[in-house]
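Structure below is my_file_37.cif: mmCIF, C-alpha atoms.
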data_my_file
#
loop_
_atom_site.label_atom_id
_atom_site.label_comp_id
_atom_site.auth_asym_id
_atom_site.auth_seq_id
_atom_site.Cartn_x
_atom_site.Cartn_y
_atom_site.Cartn_z
CA MET A 1 40.31 -8.60 53.03
CA LYS A 2 38.26 -11.76 52.60
CA SER A 3 35.07 -9.86 53.30
CA ASN A 4 35.99 -7.34 50.60
CA ARG A 5 36.55 -10.13 48.06
CA ALA A 6 33.26 -11.75 49.05
CA TYR A 7 31.47 -8.43 48.69
CA PHE A 8 33.06 -7.93 45.27
CA ARG A 9 31.94 -11.40 44.16
CA VAL A 10 28.40 -10.80 45.41
CA SER A 11 28.24 -7.37 43.75
CA ARG A 12 29.57 -8.78 40.49
CA LEU A 13 27.05 -11.62 40.62
CA ALA A 14 24.24 -9.14 41.31
CA ALA A 15 25.32 -7.00 38.37
CA LEU A 16 25.48 -10.02 36.05
CA THR A 17 22.08 -11.17 37.24
CA LEU A 18 20.64 -7.72 36.62
CA CYS A 19 22.12 -7.67 33.10
CA VAL A 20 20.63 -11.07 32.33
CA LEU A 21 17.23 -9.96 33.59
CA LEU A 22 17.38 -6.75 31.56
CA LEU A 23 18.34 -8.66 28.41
CA ALA A 24 15.49 -11.08 29.02
CA VAL A 25 13.03 -8.22 29.40
CA VAL A 26 14.32 -6.50 26.25
CA GLY A 27 14.20 -9.78 24.33
CA ALA A 28 10.67 -10.52 25.48
CA TYR A 29 9.58 -7.03 24.50
CA ALA A 30 11.15 -7.41 21.06
CA GLN A 31 9.37 -10.73 20.56
CA ASN A 32 6.04 -9.30 21.69
CA ASP A 33 6.34 -6.03 19.78
CA PRO A 34 3.80 -6.31 16.94
CA LEU A 35 5.40 -3.42 15.04
CA PRO A 36 9.17 -3.96 15.32
CA SER A 37 10.01 -1.85 12.26
CA TRP A 38 8.31 1.21 13.78
CA ASN A 39 10.18 3.57 16.07
CA ASP A 40 8.51 4.18 19.44
CA GLY A 41 6.99 7.53 18.60
CA LYS A 42 3.59 9.17 18.49
CA ALA A 43 2.50 7.37 15.30
CA LYS A 44 3.16 3.89 16.64
CA GLN A 45 1.68 4.73 20.01
CA SER A 46 -1.52 6.05 18.45
CA ILE A 47 -1.98 2.86 16.42
CA VAL A 48 -1.45 0.54 19.38
CA ALA A 49 -3.65 2.65 21.66
CA PHE A 50 -6.48 2.60 19.12
CA VAL A 51 -6.30 -1.17 18.62
CA GLU A 52 -6.28 -1.74 22.38
CA LYS A 53 -9.35 0.47 22.85
CA VAL A 54 -11.49 -1.17 20.19
CA THR A 55 -10.54 -4.75 21.12
CA MET A 56 -10.85 -4.57 24.91
CA GLU A 57 -14.20 -5.96 26.01
CA GLY A 58 -15.87 -3.68 28.52
CA SER A 59 -14.14 -0.65 27.03
CA PRO A 60 -16.52 2.18 26.05
CA ASP A 61 -14.81 2.13 22.63
CA PHE A 62 -15.09 -1.64 22.11
CA VAL A 63 -15.97 -2.57 18.51
CA PRO A 64 -17.38 -6.01 17.60
CA VAL A 65 -15.17 -8.10 15.31
CA ALA A 66 -17.64 -7.87 12.42
CA GLU A 67 -17.29 -4.07 12.41
CA ARG A 68 -13.49 -3.94 12.55
CA ILE A 69 -12.96 -2.84 8.96
CA ALA A 70 -9.59 -1.37 7.91
CA THR A 71 -8.99 0.13 4.46
CA PHE A 72 -5.64 0.95 2.87
CA ASP A 73 -4.68 2.80 -0.26
CA ASN A 74 -2.04 0.91 -2.23
CA ASP A 75 0.27 3.21 -4.24
CA GLY A 76 2.46 5.15 -1.83
CA THR A 77 0.77 3.57 1.20
CA LEU A 78 1.52 -0.15 0.95
CA TRP A 79 4.17 -0.01 -1.77
CA ALA A 80 6.21 2.71 -3.44
CA GLU A 81 4.95 4.89 -6.29
CA GLN A 82 8.01 6.75 -7.58
CA PRO A 83 9.25 7.60 -10.16
CA MET A 84 5.88 6.58 -11.65
CA TYR A 85 2.88 4.53 -10.59
CA PHE A 86 3.83 0.90 -11.00
CA GLN A 87 0.74 0.10 -13.04
CA LEU A 88 1.82 2.77 -15.51
CA ALA A 89 5.21 1.04 -15.74
CA PHE A 90 3.28 -2.16 -16.52
CA ALA A 91 1.33 -0.36 -19.25
CA LEU A 92 4.53 1.06 -20.79
CA ASP A 93 6.11 -2.39 -20.90
CA ARG A 94 2.94 -3.70 -22.54
CA VAL A 95 3.19 -1.01 -25.23
CA LYS A 96 6.69 -2.23 -26.12
CA THR A 97 5.50 -5.84 -26.17
CA LEU A 98 2.51 -5.07 -28.38
CA ALA A 99 4.28 -2.63 -30.72
CA PRO A 100 5.11 -5.23 -33.42
CA GLN A 101 1.37 -5.87 -33.77
CA HIS A 102 0.69 -2.14 -34.20
CA PRO A 103 3.01 -0.58 -36.82
CA GLU A 104 0.74 2.49 -36.84
CA TRP A 105 1.96 3.38 -33.34
CA LYS A 106 5.25 4.65 -34.80
CA ASP A 107 3.42 7.74 -36.03
CA LYS A 108 0.60 7.93 -33.47
CA GLU A 109 0.76 9.70 -30.12
CA PRO A 110 1.17 8.96 -27.29
CA PHE A 111 2.62 5.65 -28.52
CA ALA A 112 5.23 7.19 -30.83
CA SER A 113 6.85 9.07 -27.95
CA LEU A 114 6.67 6.02 -25.68
CA LEU A 115 8.47 3.87 -28.22
CA LYS A 116 11.19 6.53 -28.41
CA GLY A 117 11.51 6.46 -24.62
CA ASP A 118 10.16 9.99 -24.19
CA LEU A 119 7.71 9.47 -21.33
CA LYS A 120 7.31 13.20 -20.67
CA ALA A 121 6.15 13.88 -24.24
CA ALA A 122 3.89 10.83 -24.19
CA LEU A 123 2.11 11.99 -21.05
CA ALA A 124 1.92 15.62 -22.14
CA GLY A 125 -1.56 14.84 -23.43
CA GLY A 126 -2.79 14.39 -19.86
CA GLU A 127 -5.67 12.09 -18.98
CA PRO A 128 -6.71 11.41 -22.61
CA ALA A 129 -3.20 10.14 -23.37
CA ILE A 130 -3.15 7.95 -20.26
CA PHE A 131 -6.60 6.63 -21.21
CA GLN A 132 -5.30 5.61 -24.65
CA ILE A 133 -2.29 3.85 -23.15
CA VAL A 134 -4.35 1.98 -20.55
CA MET A 135 -7.04 0.88 -22.98
CA ALA A 136 -4.52 -0.29 -25.55
CA THR A 137 -2.72 -2.40 -22.96
CA HIS A 138 -5.49 -3.49 -20.56
CA ALA A 139 -8.45 -4.26 -22.84
CA GLY A 140 -9.29 -6.68 -25.66
CA MET A 141 -8.53 -9.89 -23.77
CA THR A 142 -10.41 -12.09 -21.32
CA THR A 143 -10.09 -11.55 -17.59
CA GLY A 144 -8.18 -14.84 -17.33
CA GLU A 145 -5.71 -13.77 -20.02
CA PHE A 146 -5.16 -10.41 -18.34
CA GLU A 147 -4.59 -12.07 -14.97
CA GLN A 148 -1.84 -14.24 -16.45
CA ILE A 149 -0.23 -11.23 -18.16
CA VAL A 150 -0.09 -9.42 -14.81
CA LYS A 151 1.32 -12.48 -13.02
CA ASP A 152 4.06 -12.88 -15.64
CA TRP A 153 4.99 -9.19 -15.45
CA ILE A 154 4.99 -8.96 -11.66
CA ALA A 155 7.24 -12.04 -11.49
CA THR A 156 9.94 -10.55 -13.73
CA ALA A 157 9.73 -6.74 -13.94
CA LYS A 158 12.06 -4.68 -11.77
CA HIS A 159 12.02 -1.14 -10.44
CA PRO A 160 14.10 1.21 -12.67
CA THR A 161 16.31 2.60 -9.87
CA LYS A 162 16.11 0.14 -6.98
CA LYS A 163 16.53 -2.87 -9.32
CA ARG A 164 14.14 -4.90 -7.19
CA HIS A 165 10.98 -6.70 -8.19
CA TYR A 166 8.00 -4.42 -7.70
CA THR A 167 6.58 -6.78 -5.08
CA GLU A 168 9.76 -6.19 -3.05
CA MET A 169 9.04 -2.47 -3.08
CA VAL A 170 6.44 -2.88 -0.34
CA TYR A 171 6.74 -1.20 3.04
CA GLN A 172 7.85 -3.51 5.85
CA PRO A 173 6.18 -1.38 8.58
CA MET A 174 2.86 -1.56 6.73
CA LEU A 175 3.14 -5.33 6.29
CA GLU A 176 3.53 -5.54 10.07
CA LEU A 177 0.55 -3.25 10.55
CA LEU A 178 -1.66 -5.43 8.34
CA THR A 179 -0.63 -8.53 10.30
CA TYR A 180 -1.18 -6.76 13.62
CA LEU A 181 -4.67 -5.63 12.69
CA ARG A 182 -5.71 -9.07 11.43
CA ALA A 183 -4.37 -10.64 14.63
CA ASN A 184 -6.79 -8.35 16.47
CA GLY A 185 -9.88 -9.29 14.48
CA PHE A 186 -9.71 -6.67 11.74
CA LYS A 187 -10.61 -7.38 8.14
CA THR A 188 -8.14 -5.57 5.89
CA PHE A 189 -9.08 -4.16 2.49
CA ILE A 190 -7.22 -2.38 -0.27
CA VAL A 191 -9.10 0.65 -1.63
CA SER A 192 -6.98 2.00 -4.46
CA GLY A 193 -7.19 4.16 -7.56
CA GLY A 194 -5.22 1.39 -9.28
CA GLY A 195 -6.86 -1.24 -11.41
CA ILE A 196 -8.74 -3.84 -9.42
CA GLU A 197 -7.73 -6.64 -11.79
CA PHE A 198 -4.14 -5.45 -11.86
CA MET A 199 -3.90 -5.85 -8.08
CA ARG A 200 -5.93 -8.99 -7.42
CA PRO A 201 -3.47 -11.51 -8.94
CA TRP A 202 -0.76 -10.76 -6.36
CA THR A 203 -2.16 -8.98 -3.28
CA GLU A 204 -2.90 -12.15 -1.32
CA LYS A 205 0.66 -13.44 -1.67
CA VAL A 206 2.27 -10.07 -0.93
CA TYR A 207 -0.08 -8.50 1.63
CA GLY A 208 -2.24 -11.38 2.83
CA ILE A 209 -5.26 -9.58 1.35
CA PRO A 210 -7.41 -11.92 -0.81
CA PRO A 211 -8.84 -10.72 -4.15
CA GLU A 212 -12.36 -10.33 -2.76
CA GLN A 213 -10.99 -7.69 -0.37
CA VAL A 214 -9.53 -5.51 -3.09
CA VAL A 215 -11.45 -2.43 -4.27
CA GLY A 216 -10.11 -0.52 -7.26
CA SER A 217 -10.78 1.18 -10.56
CA SER A 218 -12.17 -1.01 -13.31
CA ILE A 219 -13.04 -1.19 -16.99
CA LYS A 220 -16.21 -2.74 -18.32
CA THR A 221 -16.42 -6.44 -19.10
CA LYS A 222 -18.93 -8.52 -21.01
CA PHE A 223 -19.91 -12.18 -20.97
CA GLU A 224 -19.18 -14.22 -24.09
CA LEU A 225 -19.07 -17.84 -25.18
CA ARG A 226 -15.80 -18.72 -26.89
CA ASP A 227 -15.51 -22.24 -28.26
CA GLY A 228 -18.46 -23.12 -26.06
CA LYS A 229 -16.78 -21.82 -22.92
CA PRO A 230 -18.02 -18.79 -20.94
CA VAL A 231 -15.49 -15.96 -20.57
CA LEU A 232 -15.48 -12.33 -19.47
CA VAL A 233 -13.98 -9.99 -22.06
CA ARG A 234 -12.37 -6.71 -21.02
CA LEU A 235 -13.72 -3.74 -22.99
CA ALA A 236 -12.08 -0.42 -23.82
CA GLU A 237 -14.54 1.47 -21.60
CA ILE A 238 -14.16 2.86 -18.11
CA ASN A 239 -16.48 1.28 -15.56
CA PHE A 240 -15.49 2.96 -12.28
CA ILE A 241 -12.70 5.24 -11.01
CA ASP A 242 -11.89 4.40 -7.40
CA ASP A 243 -10.12 7.61 -6.48
CA LYS A 244 -10.90 10.71 -4.40
CA THR A 245 -14.72 10.92 -4.06
CA GLY A 246 -14.94 7.52 -5.71
CA LYS A 247 -13.31 5.78 -2.76
CA PRO A 248 -16.22 6.11 -0.30
CA VAL A 249 -18.53 5.02 -3.13
CA GLY A 250 -16.35 1.99 -3.81
CA ILE A 251 -16.25 1.13 -0.10
CA ASN A 252 -20.02 1.28 0.13
CA GLN A 253 -20.50 -0.83 -3.01
CA HIS A 254 -17.88 -3.49 -2.34
CA ILE A 255 -17.60 -3.65 1.45
CA GLY A 256 -20.96 -2.46 2.74
CA ARG A 257 -19.54 -1.27 6.07
CA ARG A 258 -17.89 2.02 6.97
CA PRO A 259 -14.22 1.53 7.98
CA ILE A 260 -13.10 2.37 11.49
CA PHE A 261 -9.45 2.42 10.40
CA ALA A 262 -8.13 3.95 7.17
CA PHE A 263 -4.66 4.71 5.82
CA GLY A 264 -3.60 6.68 2.76
CA ASN A 265 -0.79 8.93 1.61
CA SER A 266 -2.20 11.50 -0.80
CA ASP A 267 -5.00 13.91 -1.62
CA GLY A 268 -6.60 11.04 -3.52
CA ASP A 269 -7.27 9.38 -0.15
CA GLN A 270 -8.72 12.41 1.62
CA GLN A 271 -12.37 11.50 1.07
CA MET A 272 -11.80 7.93 2.26
CA LEU A 273 -10.36 9.26 5.52
CA GLU A 274 -13.18 11.80 5.85
CA TRP A 275 -15.74 9.01 5.31
CA THR A 276 -14.04 6.94 8.01
CA ALA A 277 -13.94 9.90 10.43
CA ALA A 278 -17.66 10.54 9.92
CA GLY A 279 -18.63 7.24 11.56
CA SER A 280 -20.63 7.21 14.78
CA GLY A 281 -17.93 5.66 16.94
CA ILE A 282 -14.17 5.75 17.43
CA SER A 283 -12.06 5.81 14.28
CA PHE A 284 -8.45 6.03 13.15
CA MET A 285 -7.21 8.02 10.16
CA GLY A 286 -3.59 7.82 9.05
CA LEU A 287 -1.34 9.26 6.34
CA VAL A 288 2.09 8.09 5.22
CA HIS A 289 4.21 11.19 4.66
CA HIS A 290 7.17 10.53 2.34
CA THR A 291 10.03 12.39 4.01
CA ASP A 292 13.03 10.11 3.46
CA ALA A 293 15.02 11.13 0.38
CA GLU A 294 17.87 8.75 1.23
CA ARG A 295 16.06 5.45 1.76
CA GLU A 296 13.02 6.20 -0.42
CA TRP A 297 11.82 9.56 -1.79
CA ALA A 298 10.81 12.87 -0.22
CA TYR A 299 7.73 14.49 -1.78
CA ASP A 300 4.35 15.93 -0.90
CA ARG A 301 2.65 19.20 -1.93
CA THR A 302 4.20 19.82 -5.36
CA SER A 303 4.69 16.26 -6.55
CA HIS A 304 2.78 15.22 -9.68
CA ILE A 305 2.66 11.69 -8.22
CA GLY A 306 1.16 11.11 -4.79
CA THR A 307 0.39 14.78 -4.18
CA LEU A 308 -0.13 15.35 -0.45
CA ASP A 309 -1.39 18.88 0.09
CA LYS A 310 -5.00 19.43 1.17
CA ALA A 311 -5.15 16.07 2.93
CA LEU A 312 -2.04 16.97 4.94
CA ASP A 313 -3.60 20.25 6.03
CA GLU A 314 -6.77 18.45 7.07
CA ALA A 315 -4.82 15.78 8.94
CA LEU A 316 -2.90 18.38 10.92
CA ALA A 317 -6.06 20.37 11.65
CA LYS A 318 -8.11 17.37 12.76
CA GLY A 319 -5.45 15.43 14.63
CA TRP A 320 -5.15 12.50 12.25
CA THR A 321 -1.99 10.42 12.55
CA VAL A 322 0.73 11.48 10.11
CA VAL A 323 3.54 8.95 9.77
CA ASP A 324 6.87 10.65 9.13
CA MET A 325 8.65 7.97 7.13
CA LYS A 326 12.14 9.20 8.05
CA LYS A 327 11.44 9.47 11.78
CA ASP A 328 8.87 6.75 12.38
CA TRP A 329 10.19 3.78 10.36
CA LYS A 330 13.35 1.89 11.31
CA VAL A 331 13.37 0.17 7.93
CA ILE A 332 11.28 0.89 4.85
CA PHE A 333 11.58 -2.12 2.57
CA PRO A 334 11.81 -5.81 3.59
CA PHE A 335 15.18 -6.16 1.85
CA GLU A 336 16.69 -3.62 4.26
CA LYS A 337 16.23 -5.95 7.22
#

Take the structure I supplied and represent it as structure tokens, if you would.
Amino acid sequence: MKSNRAYFRVSRLAALTLCVLLLAVVGAYAQNDPLPSWNDGKAKQSIVAFVEKVTMEGSPDFVPVAERIATFDNDGTLWAEQPMYFQLAFALDRVKTLAPQHPEWKDKEPFASLLKGDLKAALAGGEPAIFQIVMATHAGMTTGEFEQIVKDWIATAKHPTKKRHYTEMVYQPMLELLTYLRANGFKTFIVSGGGIEFMRPWTEKVYGIPPEQVVGSSIKTKFELRDGKPVLVRLAEINFIDDKTGKPVGINQHIGRRPIFAFGNSDGDQQMLEWTAAGSGISFMGLVHHTDAEREWAYDRTSHIGTLDKALDEALAKGWTVVDMKKDWKVIFPFEK
């Protein structure tokens, strides 16, 4: 009888010890997991495997630190883009703010429709209408004045449905990915169709990406002396569109090195991923596929925002990594944690 009790005590002790060891292992893994908001699937595994290959000295795929360039689209890749691009929301708010200075807008499209709250009618004019809206709200001031306008807006404006500041609408898994890459010697860049001077005032605080590592679309500026002080004035003229075929051009002009790692989410990023894939060594191409209608939005081929059609076909054909937001991400936004 005594021997049975002793055996029971020993067995119980062994079981408790095993549980403690298992918990310790799980805890250590959780602490060491660089991508805790990613589920352990093919997407996460492909990222980690790539980083290990290019950072392991002696590996045939080893890449020197100076050549570890990673580029990321912004809208729909690092932060959300529905129900409209956030920079467009900024422009619409600017129209309302500036309206008292422009009484003629009440009878002039696309501004008349915007002031009535009819966004669909305002944008029915396509690219020319968008051009008018952007130029009316983004030009005519100095670069310093525009930077402050953006900072003030980004600090107060909130998403129309989520009721969160736009800088809270960033993707937690992608924030972890940026940190993980930088911890492994990568230099991370934004390469976006959005305005370069719209993004630069806040990307360092939100993403850890400094303004000199932001590539985007731009309008022309000119040097002037105002009250004896030199300023750069923003003109109502397009300088460069950093979208689609413009992205590789922007990368070459601003970065000067071909990326070995690139992430996007739409057809507008296809050429950036193709440019990355065309390098002489190992490379990683990734797409964020918006598949979660409950936590975010589900859209791809037929969406007028963030259309993912031809790039998705190419990704599937060439074996690029496609991140299924619903399956691959434990959480989407930081406020879900």

Output as a Markdown table one row per residue of region 138-206 of chain A within 12 Å of region 88-93 of chain A: the closest atom pair and its distance in Å to one decimal place, counting only C-alpha atoms, sorted by chain and residue number ascending.
| residue | atom | partner | partner_atom | distance |
| --- | --- | --- | --- | --- |
| A:His138 | CA | A:Ala91 | CA | 7.6 |
| A:Ala139 | CA | A:Ala91 | CA | 11.1 |
| A:Phe146 | CA | A:Phe90 | CA | 11.9 |
| A:Ile149 | CA | A:Phe90 | CA | 9.9 |
| A:Val150 | CA | A:Phe90 | CA | 8.2 |
| A:Lys151 | CA | A:Phe90 | CA | 11.1 |
| A:Asp152 | CA | A:Phe90 | CA | 10.8 |
| A:Trp153 | CA | A:Phe90 | CA | 7.3 |
| A:Ile154 | CA | A:Phe90 | CA | 8.5 |
| A:Ala155 | CA | A:Phe90 | CA | 11.8 |
| A:Thr156 | CA | A:Phe90 | CA | 11.1 |
| A:Ala157 | CA | A:Phe90 | CA | 8.3 |
| A:Lys158 | CA | A:Ala89 | CA | 9.8 |
| A:His159 | CA | A:Ala89 | CA | 8.9 |
| A:Pro160 | CA | A:Ala89 | CA | 9.4 |
| A:Tyr166 | CA | A:Ala89 | CA | 10.1 |
| A:Gly194 | CA | A:Leu88 | CA | 9.5 |
| A:Gly195 | CA | A:Leu88 | CA | 10.4 |
| A:Phe198 | CA | A:Phe90 | CA | 9.4 |
| A:Met199 | CA | A:Phe90 | CA | 11.7 |

### Task
Might you pull out every residue within 9 Å of Leu175 (chain A), with all atoms listed in the file counted and same-chain residues fewer than 3 positions away left off, and present them as an NGL selection string?
:A and (78 or 170-172 or 178-180 or 206-208)

### Query
Can you find the residues with an atom no farther than 10 Å from (6.6, 5.8, 14.2), counting only C-alpha atoms, and report them as a ChimeraX atom specification?
/A:35,37-47,173,321-330

### Message
What's around region 223-228 of chain A at 12 Å? Count all atoms listed in the file, leave out sequence neighbours fewer than 4 positions away in its own chain, and write the answer as a PyMOL selection string.
### Response
chain A and resi 141-143+232-235

#### Entry: Selection near region 105-111 of chain A, 8 Å with only C-alpha atoms, sequence-local residues under 2 positions removed, as a PyMOL selection string
chain A and resi 95+99+102-103+113-115+121-123+125+129+132-133

### Task
Apply the PyMOL selection byres ((chain A and resi 74) around 10) to the structure shown and report the selected residues as a PyMOL selection string.
chain A and resi 71-73+75-81+170+189-194+199+203+214+216+263-265

Would you write out, as a compact mmCIF listing (two decimals) with C-alpha atoms, in the frame of the given file, every residue that the PyMOL selection byres ((chain A and resi 278-281) around 12) captures in this file?
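Once written, part34.txt looks like this:
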# COMPACT_ATOMS: atom_id res chain seq x y z
CA LYS A 53 -9.35 0.47 22.85
CA VAL A 54 -11.49 -1.17 20.19
CA PRO A 60 -16.52 2.18 26.05
CA ASP A 61 -14.81 2.13 22.63
CA PHE A 62 -15.09 -1.64 22.11
CA VAL A 63 -15.97 -2.57 18.51
CA PRO A 64 -17.38 -6.01 17.60
CA GLU A 67 -17.29 -4.07 12.41
CA ARG A 68 -13.49 -3.94 12.55
CA ILE A 69 -12.96 -2.84 8.96
CA PRO A 248 -16.22 6.11 -0.30
CA ARG A 257 -19.54 -1.27 6.07
CA ARG A 258 -17.89 2.02 6.97
CA PRO A 259 -14.22 1.53 7.98
CA ILE A 260 -13.10 2.37 11.49
CA PHE A 261 -9.45 2.42 10.40
CA ALA A 262 -8.13 3.95 7.17
CA GLN A 271 -12.37 11.50 1.07
CA MET A 272 -11.80 7.93 2.26
CA LEU A 273 -10.36 9.26 5.52
CA GLU A 274 -13.18 11.80 5.85
CA TRP A 275 -15.74 9.01 5.31
CA THR A 276 -14.04 6.94 8.01
CA ALA A 277 -13.94 9.90 10.43
CA ILE A 282 -14.17 5.75 17.43
CA SER A 283 -12.06 5.81 14.28
CA PHE A 284 -8.45 6.03 13.15
CA MET A 285 -7.21 8.02 10.16

### Query
Counting only C-alpha atoms, what is within 9 Å of Met135 (chain A), bar same-chain residues fewer than 4 positions away, as a list of chain:residue names?
A:Ile130, A:Phe131, A:Ala139, A:Gly140, A:Ile219, A:Leu235, A:Ala236, A:Glu237, A:Ile238
